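Working notes for the structure below.
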Amino acid sequence: MRLTVLGGGGFRVPLVHRALLADDGDEAGRVTELRLYDTDAERLTAVRAVLADQAEESGGPAPKVLATTDLDEALDGTDFVFSAIRVGGLPGRVGDERAALDEGLLGQETVGAGGVLYGLRTIPVALELAERIRAAAPDAWTINFTNPAGMVTEAMNRVLGNRVIGICDSPVGLCRRAARAVGADPDRTGYDYVGLNHLGWLRRLTVDGRDRLPELLADAERLESFEEGRLFGAQWLQALGAIPNEYLHYYYFNREAVAAISGADATRGEFLRDQQASFYREAAADPAHAFAAWERTRLEREETYMAESREATGGWQRDTCDLDGGGYDRVALALMRAIARNERTQLILNVPNRSAVPGLDADAVVEVPCTVDASGARPLATGPLSDHQLGMMASLKAVERAAIEAAATGSRAAALRALALHPLVDSVGAASRMLERAGF
């Protein structure tokens, strides 16, 4: 089985490779060839050196690795495409963050103005890639991790239909942490999770047919024993009656988040830009030690994840079990295995709604539990949403669709709607200035 990674020189690609090395399935259902596509040959060389060391260390069967800057070569005859591109690179992210912060708004990659600007820059390229995939590998399944994942998946769906599925590691991380907090096996627990990408809520936690979430919400000590509990605080979670995705911290505690990010020495994008530049330089200068450099850099990246939000909520360190990195790589592997081997499973994915979420139309890409097998992913009915949940989802879906329209047509009016209608952008004037700064 062949897997093509678009953005194959990206820093997190070794996590995908690590998941493939851990796959103990038979060869017929296992990835035997990994194709890395990137526009930057030097980054490809660095990542390939990391993968070679990682494969040698594992000692088991490893997929053959092909690194190329030729997109057609990467796509020809592939079975799965994993899209993890970053249009504009980390300098583009830094520009998005600073444009928002200069207006006194949240400067974050996928939430708020930064997410809209990132989408405007990314969607045209994602649509071009979707067209190339449809032409070169019409039977391939595309797994999208490119951010903003929900927005990009919905745009690509218009070309690839249901053969594109979006993934994210945030929901699975939340669900597994909540299960462990009540002493349950995360793999034997049922989850009622509903939302859009980076905007969702865990509403039920079912163990042996019983919902354990009310029990967890009532116990402040256990509730604040894991990341989301510490981030939001027991008082707010108890008032909400659900556990939000970590990215909702930027909505519920926007003032505190903006103050913390504004007061930091560097934005997250600036930190990652400098950190990753150092890794790629080190890997180029000493390929023999590329894996060690990558692992050291990865751990630092995980330790500093959402550092400003943690600082704004009392300053706490991430648990050791949350520093392994990835999560999305394991979701991607589970998704590929379910499709390739027709192994029926349930995963939280970004897919067209059909009729799963009441109040949203059938084509709206939502992030919900899905049943997956050889025919693809089908969303499971979620049940009624609270007014609060539906209101936020409907508002953000309007923003996403305006951004898709703007990116696909070049319409500045649609781009202005996308930015100005976002709940975290409080001024049409600010939205207009950010668009001008972005050259839109």
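As shown in the structure tokens, the chain order sets the letters A, B, ...; within each chain, residues go from 1, and ligands are also counted from 1 in the order they appear.
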
* Asked: If you run DSSP on this backbone, which residues of region 51-80 of chain A come out as alpha helix (DSSP H), and could you give them as an NGL selection string?
  -> :A and (51-58 or 71-75)

Save the residues we just selected, N, CA and C atoms, as a compact mmCIF listing (two decimals), in the first residue's frame?
# COMPACT_ATOMS: atom_id res chain seq x y z
N LEU A 51 13.98 9.91 9.26
CA LEU A 51 13.23 8.66 9.05
C LEU A 51 14.17 7.46 8.96
N ALA A 52 15.31 7.64 8.33
CA ALA A 52 16.26 6.53 8.21
C ALA A 52 16.74 6.08 9.58
N ASP A 53 17.07 7.03 10.45
CA ASP A 53 17.51 6.69 11.80
C ASP A 53 16.37 6.06 12.60
N GLN A 54 15.17 6.58 12.43
CA GLN A 54 14.01 6.08 13.16
C GLN A 54 13.71 4.64 12.76
N ALA A 55 13.80 4.36 11.46
CA ALA A 55 13.55 3.00 10.97
C ALA A 55 14.60 2.03 11.49
N GLU A 56 15.86 2.46 11.50
CA GLU A 56 16.94 1.59 11.98
C GLU A 56 16.75 1.29 13.46
N GLU A 57 16.33 2.30 14.22
CA GLU A 57 16.13 2.12 15.65
C GLU A 57 14.98 1.17 15.95
N SER A 58 13.93 1.21 15.10
CA SER A 58 12.76 0.36 15.34
C SER A 58 13.08 -1.11 15.15
N LEU A 71 5.30 16.54 -8.06
CA LEU A 71 3.99 16.18 -7.53
C LEU A 71 3.39 14.99 -8.26
N ASP A 72 3.51 14.94 -9.58
CA ASP A 72 2.94 13.82 -10.32
C ASP A 72 3.59 12.50 -9.94
N GLU A 73 4.90 12.52 -9.73
CA GLU A 73 5.60 11.31 -9.30
C GLU A 73 5.09 10.87 -7.92
N ALA A 74 4.82 11.83 -7.06
CA ALA A 74 4.35 11.50 -5.72
C ALA A 74 2.94 10.92 -5.72
N LEU A 75 2.10 11.36 -6.65
CA LEU A 75 0.70 10.96 -6.66
C LEU A 75 0.41 9.73 -7.50

* **Nearby residues (only C-alpha atoms) at most 12 Å from Leu3 (chain A), same-chain spacing under 5 positions excluded, as an MDAnalysis selection string** => chainID A and resid 8 16:17 20 29:37 63:67 74:83 137 140:143 332:333 336:337 340

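Relative to CA of Glu282 (chain A), CA of Arg18 (chain A) is found at 21.1 Å.
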
Sorted per-residue table, region 353-378 of chain A near region 199-215 of chain A, closest atoms and distance, 12 Å, only C-alpha atoms, as a tab-separated table:
residue	atom	partner	partner_atom	distance
A:Val366	CA	A:Gly200	CA	9.4
A:Glu367	CA	A:Gly200	CA	7.5
A:Val368	CA	A:Gly200	CA	8.7
A:Pro369	CA	A:Leu202	CA	10.8

Just the strand (DSSP E or B) stuff from region 21-53 of chain A, please, per backbone DSSP, written as a PDB file with C-alpha atoms, in the first residue's frame.
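Listed below is the output, selection.pdb:
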ATOM      1  CA  GLU A  33       5.857   2.695   0.356  1.00  0.00           C
ATOM      2  CA  LEU A  34       5.940   6.204   1.788  1.00  0.00           C
ATOM      3  CA  ARG A  35       6.229   9.041  -0.714  1.00  0.00           C
ATOM      4  CA  LEU A  36       7.246  12.452   0.591  1.00  0.00           C
ATOM      5  CA  TYR A  37       6.412  15.436  -1.606  1.00  0.00           C
TER       6      TYR A  37
END

* Residues at most 12 Å from Phe271 (chain A), counting only C-alpha atoms, excluding those fewer than 5 positions away in the same chain, as a ChimeraX atom specification? -> /A:90-91,93-94,97,264-266,276-278,297,300-301,304-307

File of the preceding selection, C-alpha atoms, as a PDB file, in the first residue's frame:
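Dumped to out_9.pdb:
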ATOM      1  CA  LEU A  90       5.995  29.786   9.236  1.00  0.00           C
ATOM      2  CA  PRO A  91       6.752  33.361   8.080  1.00  0.00           C
ATOM      3  CA  ARG A  93       1.900  32.297  10.136  1.00  0.00           C
ATOM      4  CA  VAL A  94       3.909  35.001  11.873  1.00  0.00           C
ATOM      5  CA  GLU A  97      -0.448  36.504  14.117  1.00  0.00           C
ATOM      6  CA  ALA A 264       5.039  37.080  25.415  1.00  0.00           C
ATOM      7  CA  ASP A 265       8.545  37.594  24.041  1.00  0.00           C
ATOM      8  CA  ALA A 266       7.491  35.971  20.750  1.00  0.00           C
ATOM      9  CA  GLN A 276      12.567  24.709  13.225  1.00  0.00           C
ATOM     10  CA  ALA A 277      15.068  26.781  11.266  1.00  0.00           C
ATOM     11  CA  SER A 278      17.654  25.741  13.835  1.00  0.00           C
ATOM     12  CA  THR A 297      13.229  19.866  19.139  1.00  0.00           C
ATOM     13  CA  GLU A 300      10.538  21.295  23.391  1.00  0.00           C
ATOM     14  CA  ARG A 301       7.694  21.968  20.953  1.00  0.00           C
ATOM     15  CA  THR A 304       5.590  24.780  25.083  1.00  0.00           C
ATOM     16  CA  TYR A 305       2.259  23.979  23.361  1.00  0.00           C
ATOM     17  CA  MET A 306      -0.398  26.580  24.320  1.00  0.00           C
ATOM     18  CA  ALA A 307       2.087  27.985  26.840  1.00  0.00           C
TER      19      ALA A 307
END
